[in-house]
Amino acid sequence: MEKSRNPRSAPAIRTTEWWLTLPSFGWLLVFFVIPALIILVISFRTPDVTGGIGSGWTWGNWSAWLHADVRVLTLRTLWVSAETTAVCLALAIPVAWFMARCSVAWRGTLLLLVILPFWTNFLIRVFAWKVLLNQDGLAARLARALHIIGDGDTLLYHPGAVLLVLVYTHLPFAILPLYAAAEKFDFSLLDAARDLGASAPRAFFSVFVPGIGAGVGAAALMVFVATLGNYLIPEIVGGHESDMLGNRIAQRALSDRNLPEAAALASGLALAAVVLAAALWKWQRRQVRTHATNGPAEANPARHLQSENS
Amino acid sequence: MDRFLEFDDVTRSFGTVHAVDHVSLTVRQGEVFGLLGPSGCGKTTLLRLAAGFDQPTSGRILLNGRDITALPPNKRPVNTVFQNYALFPHLSVADNIAFGLRVAGHRKADIVREVGRMLALVRLEPHAAKMPAQLSGGQKQRVAIARALINKPEVLLLDEPLAALDLKLRQHMLVELSKIHAEVGTTFVFVTHDQGEAMSLSNRIAVMNHGRVEQLGTPHEIYTAPRTSFVASFIGDTNFIPGTLSAKRQDGSATVTTASFPAFVTAPGTALPRGADVLISVRPEMIRVTVAAPEDGAGLVTARGVVEDIIYLGSASRYSVRIGAEKVWAACLHDRAHSGDTLRAGQQAWVQFSSDAALVLDRADAKTP
C-alpha cells in the first residue's frame with residue numbers, strides 16, 4: 001500500500017494551519033456564531049408591547065411551532081426545498097459533467113457564466129423574473145401564444161413560479177460543488193464501465209454519479225438549506241399558497257413586531273439546517289473511512305458484494 | 001482458427017496525422033499478441049480501435065469473421081485492462097469484479113460463484129472486501145484482469161499492463177500473466193513500449209512505427225531477422241555499419257563493401273539490387289573481441305581496431321572498438337570461456353563476426369540508426 005509521508009511532522013503542520021484559519025474563524029464567530037446565539041437567546045425572551053424585546057424569560061415563543069398553520073408552512077417549506085434540490089441536481093449534474101469534459105479554456109468561460117449572475121443584486125434578479133412572467137412579460141406572452149395559458153392570465157403568483165425562480169437562484173450553488181467534484185473525476189472510469197458492457201446511461205448513473213458523491217451531497221445541502229430560509233422569492237413571485245416559513249418569520253419580525261417569536265422560528269430553522277449539515281458530514285466521514293481502512297480478511301465473496309440494488 | 005481478430009486496412013487520422021496508417025494484421029485465437037513500438041507509434045490507438053473507444057477513419061475490424069467496426073464498446077465481446085487499471089473507487093474488489101455480470105443482469109448466485117472463481121484465479125480472495133485505494137499496484141492490476149476476464153471476452157486487450165509497476169513486481173506479474181493466460185486460454189492482445197516485455201510474453205509481435213506495422217513475427221524472428229533498421233535498433237542493441245552491395249550472385253547472396261571491414265559475402269535472401277546503399281546490422285553478442293589475432297576463415301569477417309570504452313555489467317562486459325571510421329560495440333559474457341580475457345581501453349584488439357550474423361538492411365528507410 002502506498003503511503004505518502006510528509007517530512008514535516010503532523011503537529012507542526014496543524015499549528016500552522018490553525019494560525020492560517022484563525023482569521024476566517026474569527027470572522028465566522030463575530031458575524032455568524034455570535035449573532036445566531038443572540039437570536040437564540042431572544043427566542044426565550046418575552047415580547048414587549050412596543051415591538052421590542054421584553055425582560056422576562058419564557059418557553060412560549062417556541063410553541064409557535066405547534067400552530068396548525070406553521071405546521072402547514074413547515075411541510076410546504078420542506079417540500080419546496082426538496083423539489084428545488086431535486087430539480088437543481090437534475091440540471092446541475094449534466095452541466096458539471098459537460099464542464100469537466102470541456103477544454104480547459106472553455107471551462108473558465110463556462111465557470112464565469114455560472115458565476116456571472118452573482119454580479120447582479122439578488123433582488124434585481126428576482127424582479128427581473130417578475131418582468132418576464134407578468135401578464136405582458138415575454139414568457140407570459142410566449143405561453144399565451146402557445147395556448148398554455150389563457151388571455152389575461154399571468155405566470156406569476158403560482159407555486160410553479162416560486163419553484164422556477166428558486167431553481168434559477170440556487171442552480172449555481174449546485175453547479176459549483178458538482179463541478180469541483182466532476183473535475184477530479186477520472187473519466188477513463190466511464191470507458192471502463194462501457195468496456196464491461198454498461199450502456200452510456202448505465203455508466204453515467206452507476207459510475208459517474210457515485211464518483212462525484214461528495215459533490216452531490218454538498219450541492220444538495222447547499223441548495224436545500226438555502227431554500228429552507230428563503231422568503232423573498234415566495235414574497236415577490238408567489239401567491240398566498242406559496243408562503244414558506246421564511247415569510248412567517250419576516251412577517252413576525254417586520255410587520256407584527258413579535259421579535260421573540262420570529263427568533264424562535266428562525267432558530268428552529270437554523271437548528272434543522274445544522275442537524276442536516278452534521279448528518280451529511282458524518283455520512284461523508286463514513287464514506288472516507290470505508291474507502292481508506294482495511295476491511296476484515298474473509299474468503300467468502302458473497303459477503304463483500306453489494307445487495308442487488310446497484 | 002487462424003483468422004480471429006483482424007484489422008483490415010485500418011487507418012485512424014487526427015487531422016493530417018495518421019496515428020494508424022493502413023494497418024492490416026491478424027491475431028490468432030488463443031495467442032498472446034504484442035503490439036510493440038515507441039510512444040506515438042499508434043499502438044494504443046490500435047488497441048482503442050479494437051476496444052471500440054475510437055472509430056477508424058477507414059478500414060474494418062473483424063472478430064471471428066464478423067465486422068465489429070461500428071459496434072460500441074459495450075456490445076463488443078472484448079474487454080480491456082487499462083493502463084491505470086481504472087478500478088471503480090467507490091466499489092470493493094468483489095464489486096469491481098462483479099460489475100460486468102451485474103450490468104449483464106446475471107442471477108445473484110451466479111455472480112457470487114463467478115466472482116469467487118475470478119478471485120481465486122488472480123489469488124485475491126483475502127482482499128475481496130478491500131477498496132481499490134487500499135491495494136498495491138500489483139493487486140490493482142490483478143483486480144483489473146479479473147474484472148475484464150469475468151465477462152469471458154473473446155479477446156482481452158491489455159494497455160501497457162506492466163508499465164505502472166516497479167521492476168521487481170514487473171518480473172513477477174510477467175510470470176503471473178503467462179500463468180493466467182495458460183489457465184483461461186483467452187486471446188491476449190497487449191500494447192507495450194518495452195521490448196523485453198513483448199519478447200517474453202508474446203507468441204507473436206507486431207513492431208509499429210509511425211502508425212505502420214514494420215514487422216510481424218515471433219520474438220525470435222524479429223530479433224534474429226529484423227527486416228528494417230528501425231526494428232533492428234528497437235529490439236535489442238545492434239551495430240549499424242554503412243556499406244554498399246558491390247556484387248550480387250545468382251543465389252541472392254551479395255558482396256558487401258564497407259569502409260573499415262574487408263568485403264564479405266552475405267547469406268542469401270537480399271532483395272536489394274547491386275549498388276544499393278545498405279546498413280549492415282550486427283548484434284553486439286555476435287562480435288568477438290580478442291587480444292590475439294583470431295583464426296580467419298571462410299564466412300568470417302575480421303578487423304583490427306583499438307578498444308575505446310569498456311562498460312562492466314557484472315555478468316557481461318561491453319566493449320566499444322574503433323576500426324577506422326567505424327565504432328562497433330561487442331558484448332562479452334563472463335562465462336568460463338571468456339573469464340581470462342582482460343581488455344583495457346586503448347589496447348589494440350581484434351574484432352570478428354560471422355558473415356551469417358550480418359543482416360543487410362536498406363539504408364534508404366533508415367531513420368534512427
# chains A, B, ... in the order shown; residues from 1 in each chain; ligands from 1
call {"tool": "residues_around", "arguments": {"residues": "Arg212 in chain B", "least_positions_apart": "3", "cutoff": "7 Å", "atoms": "only C-alpha atoms", "output": "compact mmCIF listing (two decimals) with C-alpha atoms, in the first residue's frame"}}
result
# COMPACT_ATOMS: atom_id res chain seq x y z
CA VAL B 20 -2.72 4.37 -37.54
CA ASP B 21 -1.80 4.20 -41.20
CA HIS B 22 -3.27 1.40 -43.34
CA VAL B 23 -2.65 -1.37 -40.83
CA MET B 208 4.94 -0.49 -35.03
CA ASN B 209 6.46 2.83 -36.04
call {"tool": "interface_residues", "arguments": {"of": "chain B", "to": "chain A", "cutoff": "9 Å", "atoms": "only C-alpha atoms", "output": "NGL selection string"}}
result
:B and (51-53 or 72-82 or 84-95 or 98-104 or 108-109 or 111-113 or 115-116 or 119 or 125-137 or 147-148 or 151)
call {"tool": "select_by_dssp", "arguments": {"residues": "range 19-268 of chain A", "states": "strand (DSSP E or B)", "output": "list in words"}}
result
Arg45, Thr46, Pro47, Ile53, Gly54, Ser55, Gly56 and Trp57 of chain A
call {"tool": "write_last_selection", "arguments": {"atoms": "C-alpha atoms", "output": "short mmCIF file (atom, residue, chain, number, x, y, z; two decimals), in the first residue's frame"}}
result
data_model
loop_
_atom_site.label_atom_id
_atom_site.label_comp_id
_atom_site.auth_asym_id
_atom_site.auth_seq_id
_atom_site.Cartn_x
_atom_site.Cartn_y
_atom_site.Cartn_z
CA ARG A 45 -37.39 36.38 25.96
CA THR A 46 -40.92 37.71 26.34
CA PRO A 47 -42.19 40.09 23.65
CA ILE A 53 -37.73 42.58 23.45
CA GLY A 54 -39.10 42.27 26.96
CA SER A 55 -37.12 41.50 30.08
CA GLY A 56 -38.82 38.22 31.09
CA TRP A 57 -37.89 34.67 30.13
#
call {"tool": "residues_around", "arguments": {"residues": "Gly37 in chain B", "least_positions_apart": "2", "cutoff": "9 Å", "atoms": "only C-alpha atoms", "output": "list in words"}}
result
Leu35, Ser39, Gly40, Cys41, Gly42, Lys43, Val191, Thr192, His193, Asp194, Gln195, Ala206, Val207, Met208, Asn209 and Phe234 of chain B
call {"tool": "atom_distance", "arguments": {"atom1": "CA of Ser267 in chain A", "atom2": "CA of Val165 in chain A"}}
result
25.3 Å
call {"tool": "residues_around", "arguments": {"residues": "Ser81 in chain A", "least_positions_apart": "4", "cutoff": "6 Å", "atoms": "only C-alpha atoms", "output": "ChimeraX atom specification"}}
result
/A:77,224,227-228
call {"tool": "write_last_selection", "arguments": {"atoms": "N, CA and C atoms", "output": "PDB file, in the first residue's frame"}}
result
ATOM      1  N   THR A  77     -42.489  24.183   3.199  1.00  0.00           N
ATOM      2  CA  THR A  77     -41.090  24.609   3.079  1.00  0.00           C
ATOM      3  C   THR A  77     -40.193  23.412   2.768  1.00  0.00           C
ATOM      4  N   PHE A 224     -30.614  22.876  -0.490  1.00  0.00           N
ATOM      5  CA  PHE A 224     -31.717  22.606   0.429  1.00  0.00           C
ATOM      6  C   PHE A 224     -31.737  23.621   1.564  1.00  0.00           C
ATOM      7  N   THR A 227     -32.643  27.131   0.430  1.00  0.00           N
ATOM      8  CA  THR A 227     -34.063  27.261   0.090  1.00  0.00           C
ATOM      9  C   THR A 227     -34.927  27.297   1.340  1.00  0.00           C
ATOM     10  N   LEU A 228     -34.527  26.514   2.363  1.00  0.00           N
ATOM     11  CA  LEU A 228     -35.294  26.453   3.613  1.00  0.00           C
ATOM     12  C   LEU A 228     -35.597  27.842   4.148  1.00  0.00           C
TER      13      LEU A 228
END
